[in-house]
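Asker: Input structure: structure-v4.tsv, which contains TSV, N, CA and C atoms.
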chain	number	residue	atom	x	y	z
A	427	MET	N	-17.23	20.98	2.31
A	427	MET	CA	-16.46	20.87	1.09
A	427	MET	C	-14.97	20.93	1.43
A	428	LEU	N	-14.23	20.02	0.87
A	428	LEU	CA	-12.79	19.98	1.10
A	428	LEU	C	-12.07	20.98	0.20
A	429	THR	N	-11.00	21.56	0.72
A	429	THR	CA	-10.21	22.48	-0.08
A	429	THR	C	-9.30	21.69	-1.02
A	430	GLN	N	-8.72	22.37	-2.00
A	430	GLN	CA	-7.79	21.72	-2.92
A	430	GLN	C	-6.57	21.18	-2.18
A	431	ASP	N	-6.09	21.90	-1.17
A	431	ASP	CA	-4.95	21.42	-0.38
A	431	ASP	C	-5.32	20.17	0.41
A	432	GLN	N	-6.53	20.13	0.95
A	432	GLN	CA	-6.97	18.94	1.68
A	432	GLN	C	-7.09	17.75	0.74
A	433	LEU	N	-7.65	17.96	-0.43
A	433	LEU	CA	-7.77	16.88	-1.41
A	433	LEU	C	-6.40	16.38	-1.85
A	434	ALA	N	-5.45	17.29	-2.06
A	434	ALA	CA	-4.10	16.89	-2.45
A	434	ALA	C	-3.46	16.06	-1.35
A	435	THR	N	-3.69	16.42	-0.10
A	435	THR	CA	-3.14	15.67	1.03
A	435	THR	C	-3.74	14.28	1.11
A	436	ILE	N	-5.03	14.17	0.89
A	436	ILE	CA	-5.69	12.86	0.88
A	436	ILE	C	-5.14	11.99	-0.23
A	437	ARG	N	-4.97	12.56	-1.43
A	437	ARG	CA	-4.41	11.78	-2.53
A	437	ARG	C	-2.99	11.32	-2.23
A	438	ALA	N	-2.19	12.20	-1.61
A	438	ALA	CA	-0.82	11.83	-1.25
A	438	ALA	C	-0.83	10.71	-0.22
A	439	ALA	N	-1.71	10.80	0.77
A	439	ALA	CA	-1.81	9.75	1.79
A	439	ALA	C	-2.23	8.43	1.17
A	440	LEU	N	-3.14	8.48	0.22
A	440	LEU	CA	-3.57	7.25	-0.47
A	440	LEU	C	-2.45	6.65	-1.30
A	441	ARG	N	-1.64	7.50	-1.94
A	441	ARG	CA	-0.50	6.97	-2.68
A	441	ARG	C	0.49	6.28	-1.75
A	442	TYR	N	0.72	6.90	-0.59
A	442	TYR	CA	1.61	6.29	0.40
A	442	TYR	C	1.02	4.94	0.83
A	443	TRP	N	-0.27	4.91	1.13
A	443	TRP	CA	-0.94	3.67	1.53
A	443	TRP	C	-0.76	2.60	0.46
A	444	ARG	N	-1.00	2.99	-0.81
A	444	ARG	CA	-0.88	2.05	-1.93
A	444	ARG	C	0.55	1.51	-2.05
A	445	ASP	N	1.53	2.39	-1.91
A	445	ASP	CA	2.93	2.02	-2.15
A	445	ASP	C	3.59	1.33	-0.96
A	446	GLU	N	3.25	1.73	0.26
A	446	GLU	CA	3.97	1.26	1.44
A	446	GLU	C	3.19	0.32	2.34
A	447	ILE	N	1.88	0.48	2.43
A	447	ILE	CA	1.08	-0.31	3.36
A	447	ILE	C	0.47	-1.53	2.69
A	448	VAL	N	-0.12	-1.35	1.51
A	448	VAL	CA	-0.78	-2.46	0.83
A	448	VAL	C	0.14	-3.66	0.64
A	449	PRO	N	1.40	-3.46	0.22
A	449	PRO	CA	2.27	-4.64	0.04
A	449	PRO	C	2.50	-5.43	1.34
A	450	GLY	N	2.43	-4.77	2.48
A	450	GLY	CA	2.65	-5.45	3.75
A	450	GLY	C	1.45	-6.24	4.24
A	451	GLY	N	0.30	-5.99	3.65
A	451	GLY	CA	-0.90	-6.73	4.02
A	451	GLY	C	-1.46	-6.35	5.38
A	452	ARG	N	-2.32	-7.22	5.87
A	452	ARG	CA	-3.05	-6.98	7.12
A	452	ARG	C	-2.13	-6.81	8.33
A	453	GLU	N	-0.98	-7.47	8.29
A	453	GLU	CA	-0.04	-7.34	9.41
A	453	GLU	C	0.38	-5.89	9.61
A	454	VAL	N	0.57	-5.18	8.52
A	454	VAL	CA	1.02	-3.79	8.56
A	454	VAL	C	-0.16	-2.84	8.75
A	455	SER	N	-1.25	-3.09	8.08
A	455	SER	CA	-2.35	-2.13	8.02
A	455	SER	C	-3.34	-2.18	9.17
A	456	SER	N	-3.45	-3.29	9.84
A	456	SER	CA	-4.55	-3.48	10.79
A	456	SER	C	-4.60	-2.43	11.90
A	457	HIS	N	-3.47	-1.98	12.39
A	457	HIS	CA	-3.52	-1.02	13.50
A	457	HIS	C	-3.86	0.41	13.06
A	458	TYR	N	-3.98	0.67	11.76
A	458	TYR	CA	-4.37	1.99	11.26
A	458	TYR	C	-5.89	2.18	11.22
A	459	PHE	N	-6.63	1.08	11.24
A	459	PHE	CA	-8.08	1.17	11.13
A	459	PHE	C	-8.71	1.32	12.50
A	460	ASP	N	-9.77	2.16	12.56
A	460	ASP	CA	-10.49	2.32	13.82
A	460	ASP	C	-11.72	1.42	13.90
A	461	THR	N	-12.00	0.69	12.83
A	461	THR	CA	-13.06	-0.31	12.82
A	461	THR	C	-12.56	-1.54	12.08
A	462	GLN	N	-13.27	-2.64	12.22
A	462	GLN	CA	-12.92	-3.88	11.53
A	462	GLN	C	-13.17	-3.72	10.03
A	463	VAL	N	-12.18	-4.05	9.22
A	463	VAL	CA	-12.32	-3.98	7.77
A	463	VAL	C	-12.26	-5.41	7.23
A	464	GLU	N	-13.32	-5.80	6.56
A	464	GLU	CA	-13.39	-7.16	6.04
A	464	GLU	C	-12.45	-7.37	4.86
A	465	ASN	N	-12.53	-6.48	3.89
A	465	ASN	CA	-11.75	-6.62	2.66
A	465	ASN	C	-11.00	-5.32	2.40
A	466	GLU	N	-9.74	-5.31	2.73
A	466	GLU	CA	-8.94	-4.12	2.48
A	466	GLU	C	-8.78	-3.91	0.98
A	467	LEU	N	-8.65	-2.66	0.59
A	467	LEU	CA	-8.49	-2.34	-0.82
A	467	LEU	C	-7.12	-2.77	-1.32
A	468	ASN	N	-7.08	-3.28	-2.54
A	468	ASN	CA	-5.80	-3.60	-3.16
A	468	ASN	C	-5.26	-2.36	-3.86
A	469	ALA	N	-4.09	-2.44	-4.44
A	469	ALA	CA	-3.44	-1.28	-5.05
A	469	ALA	C	-4.29	-0.66	-6.16
A	470	ASP	N	-4.90	-1.48	-6.98
A	470	ASP	CA	-5.74	-0.96	-8.06
A	470	ASP	C	-6.97	-0.23	-7.51
A	471	GLU	N	-7.56	-0.76	-6.47
A	471	GLU	CA	-8.73	-0.13	-5.86
A	471	GLU	C	-8.35	1.20	-5.20
A	472	VAL	N	-7.17	1.26	-4.59
A	472	VAL	CA	-6.70	2.52	-4.01
A	472	VAL	C	-6.47	3.54	-5.12
A	473	GLU	N	-5.93	3.10	-6.24
A	473	GLU	CA	-5.71	4.01	-7.37
A	473	GLU	C	-7.04	4.58	-7.87
A	474	LEU	N	-8.07	3.76	-7.94
A	474	LEU	CA	-9.39	4.26	-8.33
A	474	LEU	C	-9.92	5.30	-7.33
A	475	LEU	N	-9.67	5.06	-6.07
A	475	LEU	CA	-10.07	6.01	-5.03
A	475	LEU	C	-9.33	7.33	-5.18
A	476	ILE	N	-8.05	7.27	-5.49
A	476	ILE	CA	-7.27	8.48	-5.74
A	476	ILE	C	-7.90	9.28	-6.87
A	477	GLU	N	-8.29	8.59	-7.93
A	477	GLU	CA	-8.90	9.27	-9.08
A	477	GLU	C	-10.25	9.88	-8.70
A	478	GLN	N	-11.00	9.23	-7.82
A	478	GLN	CA	-12.27	9.79	-7.38
A	478	GLN	C	-12.05	11.09	-6.63
A	479	PHE	N	-10.98	11.18	-5.85
A	479	PHE	CA	-10.66	12.41	-5.12
A	479	PHE	C	-10.11	13.48	-6.06
A	480	ARG	N	-9.68	13.09	-7.24
A	480	ARG	CA	-9.20	14.06	-8.22
A	480	ARG	C	-10.38	14.75	-8.91
A	481	ALA	N	-11.49	14.04	-9.04
A	481	ALA	CA	-12.65	14.58	-9.76
A	481	ALA	C	-13.32	15.72	-9.00
Mind converting the file's structure to C-alpha coordinates?

Answerer:
Amino acid sequence: MLTQDQLATIRAALRYWRDEIVPGGREVSSHYFDTQVENELNADEVELLIEQFRA
(Lines of atoms letter the chains of each structure in order from A and count residues from 1; the text may use other names and numbers.)
(Lines give C-alpha, C1' and ligand atoms only; values in the text may rest on other atoms or scores of the structure.)
Protein backbone atom coordinates (compact mmCIF):
# COMPACT_ATOMS: atom_id res chain seq x y z
CA MET A 1 0.00 0.00 0.00
CA LEU A 2 1.32 3.41 -0.96
CA THR A 3 1.48 6.19 1.61
CA GLN A 4 -0.27 9.52 1.10
CA ASP A 5 3.11 11.18 0.47
CA GLN A 6 3.97 8.59 -2.17
CA LEU A 7 0.61 9.07 -3.88
CA ALA A 8 1.05 12.86 -3.83
CA THR A 9 4.49 12.44 -5.43
CA ILE A 10 3.08 10.20 -8.16
CA ARG A 11 0.32 12.72 -8.90
CA ALA A 12 2.88 15.54 -9.05
CA ALA A 13 5.07 13.51 -11.42
CA LEU A 14 2.06 12.80 -13.63
CA ARG A 15 1.17 16.49 -13.74
CA TYR A 16 4.74 17.27 -14.79
CA TRP A 17 4.52 14.54 -17.46
CA ARG A 18 1.20 15.96 -18.71
CA ASP A 19 2.45 19.56 -18.79
CA GLU A 20 6.07 19.17 -19.94
CA ILE A 21 6.56 15.80 -21.65
CA VAL A 22 3.29 15.10 -23.48
CA PRO A 23 3.51 18.26 -25.63
CA GLY A 24 6.97 17.21 -26.84
CA GLY A 25 5.73 13.86 -28.06
CA ARG A 26 7.72 10.69 -28.59
CA GLU A 27 10.94 12.60 -29.25
CA VAL A 28 10.94 13.83 -25.66
CA SER A 29 9.34 10.89 -23.88
CA SER A 30 10.89 7.83 -25.47
CA HIS A 31 14.04 7.69 -23.33
CA TYR A 32 11.97 7.70 -20.09
CA PHE A 33 10.35 4.34 -20.82
CA ASP A 34 12.02 1.06 -19.91
CA THR A 35 9.84 -0.88 -22.36
CA GLN A 36 8.33 -0.17 -25.77
CA VAL A 37 5.10 1.81 -25.49
CA GLU A 38 2.77 1.55 -28.45
CA ASN A 39 0.35 4.35 -27.59
CA GLU A 40 1.52 6.97 -25.15
CA LEU A 41 -1.15 8.59 -23.03
CA ASN A 42 -2.40 12.00 -24.10
CA ALA A 43 -2.99 14.86 -21.63
CA ASP A 44 -6.60 13.87 -20.95
CA GLU A 45 -5.63 10.25 -20.30
CA VAL A 46 -2.89 11.36 -17.90
CA GLU A 47 -5.44 13.53 -16.09
CA LEU A 48 -7.69 10.49 -15.66
CA LEU A 49 -4.74 8.56 -14.25
CA ILE A 50 -4.06 11.37 -11.78
CA GLU A 51 -7.67 11.12 -10.61
CA GLN A 52 -7.34 7.35 -10.20
CA PHE A 53 -4.38 7.91 -7.87
CA ARG A 54 -6.48 10.41 -5.94
CA ALA A 55 -9.16 7.80 -5.18

Asker: So how far away is atom CA of A:Leu475 from atom CA of A:His457, in Å?

Answerer: 20.9 Å

Asker: How many Å separate atom N of A:Gly450 from atom CA of A:Leu474?

Answerer: 18.4 Å

Asker: Would you work out the distance separating atom N of A:Met427 from atom C of A:Asp470, expressed in Å to one decimal?

Answerer: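 The value is 25.5 Å.
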
Asker: Enumerate, as number ranges by chain, the complete set of residues in chain A that a backbone-based DSSP assignment places in alpha helix (DSSP H).

Answerer: A: 430-442, 452-455, 469-480

Asker: Looking at all atoms listed in the file, which of A:Arg452, A:Ala434, A:Arg480, A:Arg444 is the one that sits closest to A:Asn468?

Answerer: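 Closest candidate: A:Arg444.
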
Asker: Please identify all polymer residues within 9 Å of A:Ala469, counting only C-alpha atoms, omitting same-chain residues fewer than 4 positions from it, and present them as a count of residues only.

Answerer: 7

Asker: Which of these residues is nearest to A:Ile476, using only C-alpha atoms: A:Thr461, A:Gln430, A:Ala439, A:Val454?

Answerer: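 Counting only C-alpha atoms, the residue closest to A:Ile476 is A:Ala439.
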
Asker: Reconstruct stretch 430-445 of chain A at the level of N, CA, C and O atoms, and format the result as a tab-separated table (two decimals), in the coordinates of the input.

Answerer:
chain	number	residue	atom	x	y	z
A	430	GLN	N	-8.72	22.37	-2.00
A	430	GLN	CA	-7.79	21.72	-2.92
A	430	GLN	C	-6.57	21.18	-2.18
A	430	GLN	O	-6.08	20.10	-2.50
A	431	ASP	N	-6.09	21.90	-1.17
A	431	ASP	CA	-4.95	21.42	-0.38
A	431	ASP	C	-5.32	20.17	0.41
A	431	ASP	O	-4.51	19.24	0.53
A	432	GLN	N	-6.53	20.13	0.95
A	432	GLN	CA	-6.97	18.94	1.68
A	432	GLN	C	-7.09	17.75	0.74
A	432	GLN	O	-6.67	16.64	1.08
A	433	LEU	N	-7.65	17.96	-0.43
A	433	LEU	CA	-7.77	16.88	-1.41
A	433	LEU	C	-6.40	16.38	-1.85
A	433	LEU	O	-6.19	15.17	-1.98
A	434	ALA	N	-5.45	17.29	-2.06
A	434	ALA	CA	-4.10	16.89	-2.45
A	434	ALA	C	-3.46	16.06	-1.35
A	434	ALA	O	-2.75	15.07	-1.64
A	435	THR	N	-3.69	16.42	-0.10
A	435	THR	CA	-3.14	15.67	1.03
A	435	THR	C	-3.74	14.28	1.11
A	435	THR	O	-3.03	13.29	1.34
A	436	ILE	N	-5.03	14.17	0.89
A	436	ILE	CA	-5.69	12.86	0.88
A	436	ILE	C	-5.14	11.99	-0.23
A	436	ILE	O	-4.84	10.80	-0.02
A	437	ARG	N	-4.97	12.56	-1.43
A	437	ARG	CA	-4.41	11.78	-2.53
A	437	ARG	C	-2.99	11.32	-2.23
A	437	ARG	O	-2.62	10.17	-2.52
A	438	ALA	N	-2.19	12.20	-1.61
A	438	ALA	CA	-0.82	11.83	-1.25
A	438	ALA	C	-0.83	10.71	-0.22
A	438	ALA	O	-0.04	9.76	-0.31
A	439	ALA	N	-1.71	10.80	0.77
A	439	ALA	CA	-1.81	9.75	1.79
A	439	ALA	C	-2.23	8.43	1.17
A	439	ALA	O	-1.72	7.36	1.53
A	440	LEU	N	-3.14	8.48	0.22
A	440	LEU	CA	-3.57	7.25	-0.47
A	440	LEU	C	-2.45	6.65	-1.30
A	440	LEU	O	-2.30	5.43	-1.35
A	441	ARG	N	-1.64	7.50	-1.94
A	441	ARG	CA	-0.50	6.97	-2.68
A	441	ARG	C	0.49	6.28	-1.75
A	441	ARG	O	1.04	5.22	-2.07
A	442	TYR	N	0.72	6.90	-0.59
A	442	TYR	CA	1.61	6.29	0.40
A	442	TYR	C	1.02	4.94	0.83
A	442	TYR	O	1.74	3.94	0.91
A	443	TRP	N	-0.27	4.91	1.13
A	443	TRP	CA	-0.94	3.67	1.53
A	443	TRP	C	-0.76	2.60	0.46
A	443	TRP	O	-0.39	1.47	0.75
A	444	ARG	N	-1.00	2.99	-0.81
A	444	ARG	CA	-0.88	2.05	-1.93
A	444	ARG	C	0.55	1.51	-2.05
A	444	ARG	O	0.76	0.32	-2.24
A	445	ASP	N	1.53	2.39	-1.91
A	445	ASP	CA	2.93	2.02	-2.15
A	445	ASP	C	3.59	1.33	-0.96
A	445	ASP	O	4.43	0.45	-1.14
